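Asker: Here you go, this is structure_9.csv (CSV, C-alpha atoms and all ligand atoms).
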chain,number,residue,atom,x,y,z
A,17,MET,CA,12.8,34.1,-16.9
A,18,ILE,CA,10.3,32.0,-15.0
A,19,PHE,CA,9.1,28.6,-16.3
A,20,SER,CA,6.0,27.9,-14.3
A,21,MET,CA,4.0,25.3,-16.3
A,22,THR,CA,3.3,21.9,-14.6
A,23,THR,CA,5.1,19.0,-16.3
A,24,VAL,CA,2.7,16.4,-14.8
A,25,THR,CA,2.2,13.4,-17.0
A,26,HIS,CA,0.3,10.8,-14.9
A,27,LEU,CA,-0.2,9.1,-11.6
A,28,GLU,CA,1.2,5.8,-10.6
A,29,CYS,CA,0.4,3.1,-8.0
A,30,SER,CA,3.1,3.2,-5.3
A,31,VAL,CA,3.2,-0.6,-5.2
A,32,THR,CA,2.4,-1.9,-8.7
A,33,GLY,CA,3.4,1.1,-10.8
A,34,GLU,CA,0.1,0.9,-12.7
A,35,ARG,CA,-0.7,4.2,-14.5
A,36,TYR,CA,-3.6,6.4,-13.8
A,37,GLU,CA,-4.7,9.5,-15.7
A,38,ALA,CA,-3.7,13.0,-14.4
A,39,GLY,CA,-6.3,15.8,-14.5
A,40,LYS,CA,-9.1,13.5,-13.1
A,41,VAL,CA,-10.4,13.0,-9.5
A,42,GLN,CA,-8.4,10.1,-8.0
A,43,ASN,CA,-8.0,8.6,-4.5
A,44,LEU,CA,-6.3,5.3,-3.9
A,45,SER,CA,-5.1,2.8,-6.6
A,46,LYS,CA,-7.3,-0.2,-7.4
A,47,THR,CA,-5.3,-2.2,-4.9
A,48,GLY,CA,-6.0,0.3,-2.2
A,49,MET,CA,-2.5,1.9,-2.3
A,50,PRO,CA,-1.4,5.5,-2.4
A,51,LEU,CA,-0.8,7.1,-5.8
A,52,LEU,CA,2.3,9.0,-6.7
A,53,VAL,CA,2.3,11.9,-9.2
A,54,ARG,CA,4.8,11.7,-12.0
A,55,TYR,CA,6.3,14.4,-14.2
A,56,ASP,CA,8.1,14.8,-17.5
A,57,LEU,CA,11.3,15.7,-15.8
A,58,LYS,CA,13.2,15.6,-19.1
A,59,THR,CA,11.1,18.5,-20.4
A,60,ALA,CA,11.4,20.2,-17.0
A,61,ARG,CA,15.2,19.9,-17.2
A,62,GLU,CA,15.3,21.4,-20.7
A,63,ASN,CA,13.1,24.4,-19.8
A,64,TRP,CA,13.8,25.1,-16.2
A,65,ASN,CA,16.9,25.9,-14.3
A,66,ARG,CA,17.7,26.0,-10.6
A,67,GLU,CA,19.3,29.5,-11.0
A,68,TRP,CA,15.9,30.9,-12.0
A,69,LEU,CA,14.1,29.9,-8.8
A,70,ALA,CA,15.1,33.1,-7.1
A,71,ASN,CA,12.8,35.0,-9.6
A,72,GLY,CA,9.9,32.9,-8.6
A,73,PRO,CA,7.4,33.5,-5.7
A,74,ARG,CA,8.7,33.3,-2.2
A,75,SER,CA,6.4,30.4,-1.4
A,76,MET,CA,6.3,26.7,-2.3
A,77,TRP,CA,4.8,27.6,-5.7
A,78,ARG,CA,8.3,28.6,-6.9
A,79,TYR,CA,8.5,24.8,-7.7
A,80,ALA,CA,5.3,24.9,-9.9
A,81,PRO,CA,6.8,22.9,-12.8
A,82,VAL,CA,7.0,19.9,-10.4
A,83,LEU,CA,3.6,20.5,-8.8
A,84,PRO,CA,0.4,19.1,-10.3
A,85,VAL,CA,-1.7,22.2,-10.8
A,86,ALA,CA,-2.2,23.0,-14.5
A,87,LYS,CA,-3.9,26.4,-14.4
A,88,PRO,CA,-2.3,29.2,-12.3
A,89,THR,CA,-5.8,30.5,-11.5
A,90,SER,CA,-6.5,27.2,-9.6
A,91,ILE,CA,-3.8,27.9,-7.0
A,92,VAL,CA,-5.1,28.6,-3.5
A,93,SER,CA,-2.2,30.2,-1.6
A,94,LEU,CA,-1.9,31.8,1.8
A,95,GLY,CA,1.9,32.2,1.6
A,96,GLU,CA,2.9,28.6,2.5
A,97,GLY,CA,6.5,27.4,2.3
A,98,TRP,CA,9.8,29.2,1.9
A,99,THR,CA,10.3,28.9,5.7
A,100,PRO,CA,13.6,29.8,7.3
A,101,LEU,CA,16.5,27.4,8.0
A,102,MET,CA,18.3,28.4,11.1
A,103,LYS,CA,21.4,27.3,12.8
A,104,LEU,CA,21.1,26.1,16.4
A,105,LYS,CA,24.3,27.5,17.7
A,106,ARG,CA,23.9,27.0,21.4
A,107,TYR,CA,21.8,23.9,21.5
A,108,GLY,CA,24.1,22.2,18.9
A,109,GLY,CA,27.2,23.5,20.6
A,110,GLU,CA,26.3,22.0,23.9
A,111,LEU,CA,26.0,18.6,22.2
A,112,GLY,CA,29.4,19.2,20.6
A,113,CYS,CA,27.8,19.6,17.2
A,114,ASN,CA,28.6,22.7,15.2
A,115,ASN,CA,26.3,22.0,12.2
A,116,VAL,CA,22.7,21.6,13.5
A,117,TRP,CA,20.0,23.4,11.6
A,118,LEU,CA,16.3,23.8,12.2
A,119,LYS,CA,13.8,24.2,9.4
A,120,ASP,CA,11.0,26.1,11.0
A,121,GLU,CA,7.7,25.0,9.5
A,122,GLY,CA,5.8,26.6,12.4
A,123,LEU,CA,5.9,29.8,10.4
A,124,ASN,CA,3.5,28.5,7.8
A,125,PRO,CA,-0.2,29.6,7.6
A,126,THR,CA,-2.1,27.9,10.4
A,127,GLY,CA,1.2,27.3,12.2
A,128,SER,CA,2.2,24.0,10.7
A,129,PHE,CA,3.6,22.4,7.6
A,130,LYS,CA,0.2,20.9,6.9
A,131,ALA,CA,-0.3,24.1,5.0
A,132,ARG,CA,1.9,22.9,2.2
A,133,GLY,CA,0.0,19.7,1.6
A,134,LEU,CA,-3.4,21.3,1.9
A,135,SER,CA,-2.6,24.2,-0.4
A,136,CYS,CA,-1.7,21.7,-3.1
A,137,ALA,CA,-4.7,19.4,-2.4
A,138,VAL,CA,-7.3,22.2,-2.3
A,139,SER,CA,-5.8,23.8,-5.4
A,140,MET,CA,-6.4,20.5,-7.2
A,141,CYS,CA,-9.9,20.4,-5.8
A,142,VAL,CA,-10.5,23.8,-7.4
A,143,GLU,CA,-9.0,22.6,-10.7
A,144,LEU,CA,-11.1,19.5,-10.7
A,145,GLY,CA,-14.3,21.2,-9.7
A,146,ILE,CA,-14.7,19.5,-6.3
A,147,LYS,CA,-17.1,21.4,-4.0
A,148,LYS,CA,-17.2,19.4,-0.8
A,149,VAL,CA,-14.2,17.9,1.0
A,150,ALA,CA,-13.9,15.8,4.1
A,151,ILE,CA,-10.9,15.0,6.3
A,152,PRO,CA,-10.1,12.9,9.3
A,153,SER,CA,-7.3,14.6,11.2
A,154,ALA,CA,-5.2,14.5,14.4
A,155,GLY,CA,-5.4,18.3,14.4
A,156,ASN,CA,-3.2,20.4,12.2
A,157,ALA,CA,-4.3,18.9,8.9
A,158,ALA,CA,-7.9,19.9,9.9
A,159,SER,CA,-6.8,23.5,10.6
A,160,ALA,CA,-5.0,23.8,7.3
A,161,MET,CA,-7.8,22.2,5.3
A,162,ALA,CA,-10.4,24.5,6.9
A,163,ALA,CA,-8.2,27.5,6.0
A,164,TYR,CA,-7.6,26.6,2.4
A,165,ALA,CA,-11.2,25.5,1.9
A,166,ALA,CA,-12.4,28.8,3.3
A,167,ALA,CA,-10.0,30.6,0.9
A,168,ALA,CA,-11.3,28.5,-2.0
A,169,GLY,CA,-15.0,28.8,-1.1
A,170,ILE,CA,-15.3,25.0,-0.7
A,171,GLU,CA,-17.3,23.2,1.9
A,172,ALA,CA,-15.1,21.5,4.5
A,173,HIS,CA,-16.2,18.6,6.8
A,174,ILE,CA,-13.8,17.8,9.6
A,175,PHE,CA,-13.6,14.8,11.9
A,176,MET,CA,-11.1,14.9,14.7
A,177,PRO,CA,-10.5,13.3,18.2
A,178,LYS,CA,-12.4,15.2,20.9
A,179,ASP,CA,-9.2,15.8,22.8
A,180,VAL,CA,-7.5,17.5,19.9
A,181,PRO,CA,-5.6,20.7,20.9
A,182,GLN,CA,-7.9,23.7,21.4
A,183,SER,CA,-6.2,25.7,18.8
A,184,ASN,CA,-7.2,23.2,16.1
A,185,TYR,CA,-10.8,23.2,17.2
A,186,ILE,CA,-11.1,27.0,17.3
A,187,GLU,CA,-9.3,27.5,14.0
A,188,CYS,CA,-11.6,25.1,12.2
A,189,LYS,CA,-14.7,26.7,13.7
A,190,ALA,CA,-13.5,30.2,12.8
A,191,PHE,CA,-12.7,29.1,9.3
A,192,GLY,CA,-16.4,28.1,9.0
A,193,ALA,CA,-15.8,24.3,8.6
A,194,ARG,CA,-18.4,21.7,9.8
A,195,VAL,CA,-16.6,20.1,12.7
A,196,THR,CA,-17.4,16.8,14.4
A,197,LEU,CA,-15.5,15.7,17.5
A,198,ILE,CA,-15.1,12.0,17.9
A,199,ASP,CA,-14.5,9.9,21.0
A,200,GLY,CA,-11.5,8.0,19.4
A,201,LEU,CA,-8.4,8.4,17.3
A,202,ILE,CA,-7.7,9.6,13.8
A,203,SER,CA,-8.2,6.0,12.6
A,204,ASP,CA,-11.8,6.1,14.0
A,205,CYS,CA,-12.4,9.5,12.3
A,206,ALA,CA,-11.1,8.0,9.0
A,207,LYS,CA,-13.6,5.2,9.2
A,208,ILE,CA,-16.5,7.6,9.6
A,209,VAL,CA,-15.4,9.6,6.6
A,210,GLY,CA,-15.0,6.4,4.6
A,211,ASP,CA,-18.5,5.2,5.5
A,212,ARG,CA,-20.3,8.5,4.8
A,213,LYS,CA,-18.4,10.0,1.9
A,214,GLU,CA,-20.3,8.4,-1.0
A,215,ALA,CA,-23.8,9.4,0.3
A,216,GLU,CA,-22.6,12.9,1.2
A,217,GLY,CA,-20.7,13.6,-2.0
A,218,TRP,CA,-17.5,14.4,-0.1
A,219,PHE,CA,-14.0,14.1,-1.7
A,220,ASP,CA,-11.8,12.3,0.9
A,221,VAL,CA,-8.7,14.3,1.6
A,222,SER,CA,-7.3,11.7,4.2
A,223,THR,CA,-3.5,11.4,4.4
A,224,LEU,CA,-2.3,9.6,1.3
A,225,LYS,CA,-5.8,8.7,0.2
A,226,GLU,CA,-5.6,11.6,-2.3
A,227,PRO,CA,-2.3,12.1,-4.3
A,228,TYR,CA,-1.6,15.8,-3.9
A,229,ARG,CA,-0.8,16.4,-0.2
A,230,ILE,CA,2.5,14.6,-0.8
A,231,GLU,CA,3.3,16.9,-3.6
A,232,GLY,CA,2.8,20.0,-1.4
A,233,LYS,CA,4.9,18.5,1.4
A,234,LYS,CA,7.7,17.3,-0.9
A,235,THR,CA,8.5,21.0,-1.5
A,236,MET,CA,10.2,20.8,2.0
A,237,GLY,CA,12.9,18.7,0.2
A,238,TYR,CA,13.3,21.1,-2.7
A,239,GLU,CA,13.5,24.1,-0.4
A,240,LEU,CA,16.1,22.4,1.8
A,241,ALA,CA,18.3,21.7,-1.2
A,242,GLU,CA,18.0,25.3,-2.4
A,243,GLN,CA,18.7,26.8,1.0
A,244,MET,CA,21.7,24.5,1.5
A,245,MET,CA,23.2,25.5,-1.9
A,246,TRP,CA,22.2,22.1,-3.5
A,247,LYS,CA,24.3,20.1,-1.0
A,248,LEU,CA,21.9,18.0,1.1
A,249,PRO,CA,22.7,17.5,4.8
A,250,ASP,CA,24.1,14.2,6.2
A,251,ALA,CA,21.0,13.6,8.3
A,252,ILE,CA,17.4,14.7,8.5
A,253,PHE,CA,15.2,14.3,11.6
A,254,TYR,CA,11.5,14.1,10.8
A,255,PRO,CA,8.7,13.7,13.3
A,256,THR,CA,6.7,10.9,11.7
A,257,GLY,CA,2.9,10.5,12.0
A,258,GLY,CA,1.4,9.5,8.6
A,259,GLY,CA,4.9,10.0,7.1
A,260,VAL,CA,3.8,12.2,4.3
A,261,GLY,CA,6.7,14.6,4.8
A,262,ILE,CA,9.4,11.8,4.7
A,263,ILE,CA,7.8,10.1,1.7
A,264,GLY,CA,7.5,13.5,-0.1
A,265,MET,CA,11.0,14.6,0.6
A,266,TRP,CA,12.4,11.2,-0.5
A,267,LYS,CA,10.5,11.6,-3.8
A,268,ALA,CA,11.7,15.2,-4.1
A,269,PHE,CA,15.4,14.1,-3.9
A,270,ASP,CA,14.9,11.6,-6.7
A,271,GLU,CA,13.2,14.2,-8.9
A,272,MET,CA,16.0,16.7,-8.2
A,273,GLU,CA,18.6,14.2,-9.2
A,274,GLN,CA,16.7,13.6,-12.5
A,275,LEU,CA,16.6,17.4,-13.0
A,276,GLY,CA,20.4,17.4,-12.6
A,277,TRP,CA,20.1,19.6,-9.5
A,278,ILE,CA,21.7,17.3,-6.9
A,279,GLY,CA,23.9,14.1,-7.1
A,280,PRO,CA,23.1,10.6,-5.9
A,281,GLU,CA,24.0,11.3,-2.2
A,282,ARG,CA,21.1,11.1,0.2
A,283,PRO,CA,20.8,12.2,3.9
A,284,LYS,CA,20.2,9.6,6.5
A,285,MET,CA,16.4,9.8,7.0
A,286,ILE,CA,15.6,9.6,10.7
A,287,ALA,CA,11.9,8.8,11.5
A,288,VAL,CA,11.2,10.1,15.0
A,289,GLN,CA,8.1,8.9,16.9
A,290,VAL,CA,7.1,8.9,20.6
A,291,GLU,CA,7.0,5.9,23.0
A,292,GLY,CA,3.2,6.1,23.3
A,293,CYS,CA,2.7,5.7,19.5
A,294,GLN,CA,5.6,4.1,17.6
A,295,PRO,CA,4.3,1.7,14.9
A,296,VAL,CA,7.1,2.7,12.5
A,297,VAL,CA,9.9,2.3,15.0
A,298,ARG,CA,8.6,-1.2,16.0
A,299,ALA,CA,8.4,-2.3,12.3
A,300,TYR,CA,11.9,-0.9,11.7
A,301,ASN,CA,13.3,-2.8,14.7
A,302,GLU,CA,11.6,-6.0,13.7
A,303,GLY,CA,12.8,-5.7,10.1
A,304,ALA,CA,9.2,-5.7,8.9
A,305,GLU,CA,8.0,-4.1,5.6
A,306,ARG,CA,4.8,-2.8,7.2
A,307,SER,CA,3.7,-1.7,10.6
A,308,GLN,CA,1.1,-3.2,13.0
A,309,PHE,CA,-1.8,-1.1,14.5
A,310,PHE,CA,-0.4,0.4,17.7
A,311,ASP,CA,-2.9,-0.2,20.4
A,312,ASN,CA,-3.8,2.5,23.0
A,313,ALA,CA,-1.8,5.2,21.2
A,314,SER,CA,-1.2,8.2,23.5
A,315,THR,CA,1.0,11.3,23.4
A,316,VAL,CA,0.6,15.1,23.7
A,317,ALA,CA,2.3,15.3,20.3
A,318,ALA,CA,-1.1,15.1,18.5
A,319,GLY,CA,0.5,14.9,15.0
A,320,LEU,CA,2.3,11.7,16.0
A,321,ARG,CA,-0.8,10.0,17.2
A,322,VAL,CA,-1.3,7.9,14.1
A,323,PRO,CA,-1.5,4.2,15.1
A,324,LYS,CA,-1.2,2.7,11.6
A,325,PRO,CA,0.1,4.9,8.8
A,326,LEU,CA,-1.2,3.9,5.3
A,327,GLY,CA,2.2,4.7,3.8
A,328,ASP,CA,4.2,2.8,6.4
A,329,PHE,CA,6.0,0.7,3.7
A,330,LEU,CA,7.1,3.9,1.9
A,331,ILE,CA,8.4,5.5,5.1
A,332,LEU,CA,10.4,2.3,6.0
A,333,GLN,CA,11.8,2.1,2.5
A,334,ALA,CA,13.1,5.7,2.7
A,335,VAL,CA,14.6,5.1,6.2
A,336,ARG,CA,16.3,1.9,5.2
A,337,GLN,CA,17.6,2.9,1.7
A,338,SER,CA,19.1,6.1,3.2
A,339,GLY,CA,21.0,4.3,6.0
A,340,GLY,CA,18.9,6.2,8.6
A,341,THR,CA,17.0,4.9,11.5
A,342,ALA,CA,13.7,5.1,13.4
A,343,ILE,CA,13.7,6.1,17.0
A,344,ALA,CA,11.1,6.8,19.8
A,345,VAL,CA,11.4,9.3,22.6
A,346,SER,CA,9.3,9.7,25.8
A,347,ASP,CA,6.8,12.6,26.1
A,348,ASP,CA,8.8,13.9,29.1
A,349,ASP,CA,12.1,14.0,27.2
A,350,MET,CA,10.3,15.6,24.2
A,351,MET,CA,8.7,18.4,26.3
A,352,ARG,CA,12.0,19.0,28.2
A,353,ALA,CA,13.8,19.3,24.8
A,354,GLY,CA,11.2,21.7,23.5
A,355,VAL,CA,11.7,24.0,26.5
A,356,ARG,CA,15.4,23.8,26.3
A,357,LEU,CA,15.3,24.8,22.7
A,358,ALA,CA,13.1,27.8,23.5
A,359,THR,CA,15.4,28.9,26.4
A,360,GLU,CA,18.6,28.5,24.4
A,361,GLU,CA,17.6,29.6,20.9
A,362,GLY,CA,14.4,31.7,21.3
A,363,MET,CA,12.3,29.4,19.2
A,364,PHE,CA,9.0,28.0,20.6
A,365,ILE,CA,8.4,24.8,18.7
A,366,ALA,CA,5.7,22.1,18.5
A,367,PRO,CA,6.1,18.9,20.7
A,368,GLU,CA,6.5,17.0,17.4
A,369,GLY,CA,9.6,19.1,16.5
A,370,ALA,CA,10.8,18.8,20.1
A,371,ALA,CA,10.6,15.0,19.7
A,372,CYS,CA,13.3,15.4,17.1
A,373,MET,CA,15.5,17.5,19.4
A,374,ALA,CA,15.2,14.7,22.1
A,375,ALA,CA,16.1,12.1,19.4
A,376,LEU,CA,19.1,14.2,18.3
A,377,GLU,CA,20.4,14.1,21.9
A,378,LYS,CA,20.0,10.3,21.9
A,379,LEU,CA,21.6,9.6,18.6
A,380,VAL,CA,24.6,11.9,19.2
A,381,GLY,CA,25.0,10.3,22.6
A,382,SER,CA,25.0,6.8,21.1
A,383,GLY,CA,27.5,7.7,18.5
A,384,PHE,CA,25.0,7.0,15.6
A,385,LEU,CA,25.8,10.6,14.4
A,386,LYS,CA,29.1,12.2,14.5
A,387,ALA,CA,29.7,15.7,15.9
A,388,ASN,CA,30.8,17.2,12.6
A,389,GLU,CA,27.8,15.9,10.5
A,390,ARG,CA,25.4,18.4,8.9
A,391,ILE,CA,22.1,17.8,10.6
A,392,VAL,CA,18.7,19.2,9.8
A,393,ILE,CA,15.8,19.0,12.2
A,394,TYR,CA,12.2,19.6,11.0
A,395,ASN,CA,10.1,21.5,13.4
A,396,THR,CA,6.7,20.9,11.9
A,397,GLY,CA,4.6,23.3,13.9
A,398,SER,CA,4.4,26.3,16.2
A,399,GLY,CA,4.6,25.8,19.9
A,400,LEU,CA,1.7,28.3,20.2
A,401,LYS,CA,-0.7,25.6,18.9
A,402,TYR,CA,0.0,23.4,21.9
A,403,LEU,CA,-0.6,25.6,25.0
A,404,GLU,CA,-2.4,22.8,26.9
A,405,ALA,CA,0.7,20.5,26.5
A,406,TYR,CA,3.1,23.3,27.6
A,407,SER,CA,0.8,24.5,30.4
A,408,ALA,CA,1.5,21.2,32.2
A,409,LEU,CA,5.1,22.4,32.6
A,410,PHE,CA,4.3,25.9,33.7
A,411,PRO,CA,1.3,25.9,36.0
A,412,ARG,CA,0.1,29.3,37.1
A,501,LIG,C1,0.8,16.0,10.9
A,501,LIG,C2,1.9,16.4,11.8
A,501,LIG,C3,3.1,15.6,11.8
A,501,LIG,C4,3.2,14.3,11.1
A,501,LIG,O1,3.3,14.5,9.8
A,501,LIG,P1,3.4,13.4,8.7
A,501,LIG,O2,4.1,14.0,7.5
A,501,LIG,O3,2.0,12.9,8.3
A,501,LIG,O4,4.2,12.3,9.2
A,501,LIG,C5,4.2,16.1,12.6
A,501,LIG,N1,4.1,17.3,13.2
A,501,LIG,C6,3.0,18.1,13.2
A,501,LIG,C7,3.0,19.3,14.0
A,501,LIG,C8,1.9,17.7,12.5
A,501,LIG,O5,0.8,18.4,12.4
Can you turn what I pasted into structure tokens?

Answerer:
Amino acid sequence: MIFSMTTVTHLECSVTGERYEAGKVQNLSKTGMPLLVRYDLKTARENWNREWLANGPRSMWRYAPVLPVAKPTSIVSLGEGWTPLMKLKRYGGELGCNNVWLKDEGLNPTGSFKARGLSCAVSMCVELGIKKVAIPSAGNAASAMAAYAAAAGIEAHIFMPKDVPQSNYIECKAFGARVTLIDGLISDCAKIVGDRKEAEGWFDVSTLKEPYRIEGKKTMGYELAEQMMWKLPDAIFYPTGGGVGIIGMWKAFDEMEQLGWIGPERPKMIAVQVEGCQPVVRAYNEGAERSQFFDNASTVAAGLRVPKPLGDFLILQAVRQSGGTAIAVSDDDMMRAGVRLATEEGMFIAPEGAACMAALEKLVGSGFLKANERIVIYNTGSGLKYLEAYSALFPR
């Protein structure tokens, strides 16, 4: 038995709770805040059962009842999700931890977890009849959007910093997207999309400015629970740029509790950033509800170069409510940890994931985490997408 109908009911402003209609083109709420998708979880609970998941597709679409797509024919899938969760025996062992796991999102289409968000967002574009999309991106969101737009036959307009990793540029071009390289950061790219979208007829797929990328990314939370036999870990390390993954997983945990699939326990959510761009860590340390624009943001972890995340308050809420923390690491420590993981475990991960490894070393060292805790690290991308960054360590 597979129950695969969406149970979506409406969208809701993440600040005021004001309701918005589902099944219509939506960006931000009237007050300029991200919208969250809501479902009839009571109906889902009556008609759906976690034991049936094994009969569903081996992709994130196994969670279709809590995804927003109404018609199965709208789904644009390249096999995203259902990524492996692997135990880090040696790396963890050397830190004295015997329960460290890595969720390897680098195995997604286009080599990053951005595939989950964009599969969902582009599927909704198909459902709503949207023909032209635009995105400002630090790199991997652009690659994923270009891929799914190509698969859907939708026109993609991409704006990214001119020093974006070569992989992202080449992928976007190969997927047939219209690419503009900007002398600036993702925030500058976002401004251009904002200024031009009306005249050009583009739908803006910016992080959190449309409601469906969160829904795709939240499946990381469902999958983790399923792979851990419905007992969430004690701590989750997440490399935080725009924070969509953390916000999405936090939402997924609440939904799963309402479905009766997990209890009220939550992992400590640990937002990892880099010293060269750490707006969330600063806000966390200052006890602030929102972040300040981080000037002169700089790091080789392109996905973490987000100087002012729109959903900062949602990230900070999840971190604080969970008893987690926010921590920054240096680029040097990050790259060293990435190479150490590759050497010891045979996994070549993105610098963003490597930042989590460096943060793990720090938090075990400081005693914030205990050796016997169950710890999950999100590696959000493949190391193969960052050959320039790794080349600096291995000159020929
Ligand atoms: C985009 C990106 C991030 C940050 O993701 P958010 O969910 O927006 O915080 C981290 N790592 C990689 C590899 C990325 O592409």

Asker: Out of A:Ala408, A:Val335, A:Val180, A:Ile170, which residue has the shortest atom-to-atom distance to Pro152 (chain A) when counting all atoms listed in the file?

Answerer: A:Val180

Asker: I need the residue nearest ligand LIG 501 (chain A) from this list: A:Leu357, A:Ala366, A:Met140, A:Leu27. Use only C-alpha atoms and all ligand atoms for the distance.

Answerer: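 Ranked by minimum distance to ligand LIG 501 (chain A), first place goes to A:Ala366.
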
Asker: Residues at most 6 Å from ligand LIG 501 (chain A), using all atoms listed in the file? Could they come as a list in words?

Answerer: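 My answer, listing the contacting residues, is Ser128, Asn156, Pro255, Thr256, Gly257, Gly258, Gly259, Val260, Gly261, Gly319, Leu320, Ala366, Glu368, Thr396 and Gly397 of chain A.
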
Asker: Which residue out of A:Gly237, A:Gly362, A:Gly381, A:Pro227 has the minimum interatomic distance to Leu104 (chain A) when all atoms listed in the file are used?

Answerer: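 Nearest to Leu104 (chain A): A:Gly362.
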
Asker: If we count all atoms listed in the file and set the cut-off at 10 Å, which residues sit around Ala165 (chain A), ignoring sequence neighbours fewer than 4 positions away in its own chain? Please answer as number ranges by chain.

Answerer: A: 92, 134-135, 137-139, 141-142, 147-149, 159-161, 169-173, 191-193

Asker: What does the distance between CA of Gly292 (chain A) and CA of Asp311 (chain A) come to in Å, to one decimal place?

Answerer: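 We find that CA of Gly292 (chain A) and CA of Asp311 (chain A) lie 9.2 Å from each other.
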
Asker: How would you write as a PyMOL selection string the residues that get within 7 Å of (-0.1, 0.9, -6.0) in the file's frame, counting all atoms listed in the file?

Answerer: chain A and resi 28-34+45+47+49-51

Asker: Nearest residue to Pro125 (chain A) out of A:Ile393, A:Ala162, A:Val322, A:Leu101, using only C-alpha atoms?

Answerer: A:Ala162

Asker: Which one is closest to Cys205 (chain A): A:Gly232, A:Gly127, A:Gly109, A:Pro177? Count all atoms listed in the file.

Answerer: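 Selected residue with least distance to Cys205 (chain A): A:Pro177.
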
Asker: Which value, in Å to one decimal, gives the distance between CA of Gly133 (chain A) and CA of Leu69 (chain A)?

Answerer: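 We find that CA of Gly133 (chain A) and CA of Leu69 (chain A) lie 20.3 Å from each other.
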
Asker: Taking the block just given, write region 139-152 of chain A to a file that holds N, CA and C atoms, as an mmCIF file, in the first residue's frame.

Answerer:
data_model
loop_
_atom_site.group_PDB
_atom_site.id
_atom_site.type_symbol
_atom_site.label_atom_id
_atom_site.label_comp_id
_atom_site.auth_asym_id
_atom_site.auth_seq_id
_atom_site.Cartn_x
_atom_site.Cartn_y
_atom_site.Cartn_z
ATOM 1 N N SER A 139 9.215 21.380 -9.538
ATOM 2 C CA SER A 139 7.967 20.609 -9.705
ATOM 3 C C SER A 139 6.756 21.519 -9.491
ATOM 4 N N MET A 140 6.828 22.392 -8.488
ATOM 5 C CA MET A 140 5.721 23.321 -8.250
ATOM 6 C C MET A 140 5.598 24.338 -9.378
ATOM 7 N N CYS A 141 6.727 24.731 -9.980
ATOM 8 C CA CYS A 141 6.656 25.620 -11.151
ATOM 9 C C CYS A 141 5.895 24.938 -12.274
ATOM 10 N N VAL A 142 6.173 23.656 -12.492
ATOM 11 C CA VAL A 142 5.458 22.903 -13.531
ATOM 12 C C VAL A 142 3.971 22.883 -13.190
ATOM 13 N N GLU A 143 3.665 22.580 -11.926
ATOM 14 C CA GLU A 143 2.261 22.487 -11.512
ATOM 15 C C GLU A 143 1.528 23.820 -11.685
ATOM 16 N N LEU A 144 2.226 24.912 -11.422
ATOM 17 C CA LEU A 144 1.582 26.235 -11.459
ATOM 18 C C LEU A 144 1.734 26.919 -12.823
ATOM 19 N N GLY A 145 2.350 26.237 -13.777
ATOM 20 C CA GLY A 145 2.452 26.787 -15.132
ATOM 21 C C GLY A 145 3.503 27.870 -15.306
ATOM 22 N N ILE A 146 4.480 27.928 -14.420
ATOM 23 C CA ILE A 146 5.546 28.933 -14.522
ATOM 24 C C ILE A 146 6.551 28.498 -15.592
ATOM 25 N N LYS A 147 6.915 29.435 -16.482
ATOM 26 C CA LYS A 147 7.765 29.068 -17.627
ATOM 27 C C LYS A 147 9.179 29.631 -17.549
ATOM 28 N N LYS A 148 9.362 30.677 -16.718
ATOM 29 C CA LYS A 148 10.692 31.303 -16.627
ATOM 30 C C LYS A 148 11.044 31.503 -15.169
ATOM 31 N N VAL A 149 12.212 31.032 -14.784
ATOM 32 C CA VAL A 149 12.631 31.181 -13.390
ATOM 33 C C VAL A 149 13.975 31.897 -13.323
ATOM 34 N N ALA A 150 14.188 32.607 -12.211
ATOM 35 C CA ALA A 150 15.479 33.274 -11.994
ATOM 36 C C ALA A 150 15.959 32.978 -10.593
ATOM 37 N N ILE A 151 17.291 32.883 -10.435
ATOM 38 C CA ILE A 151 17.839 32.565 -9.114
ATOM 39 C C ILE A 151 19.178 33.281 -8.908
ATOM 40 N N PRO A 152 19.339 33.922 -7.745
ATOM 41 C CA PRO A 152 20.663 34.363 -7.329
ATOM 42 C C PRO A 152 21.254 33.226 -6.521
#
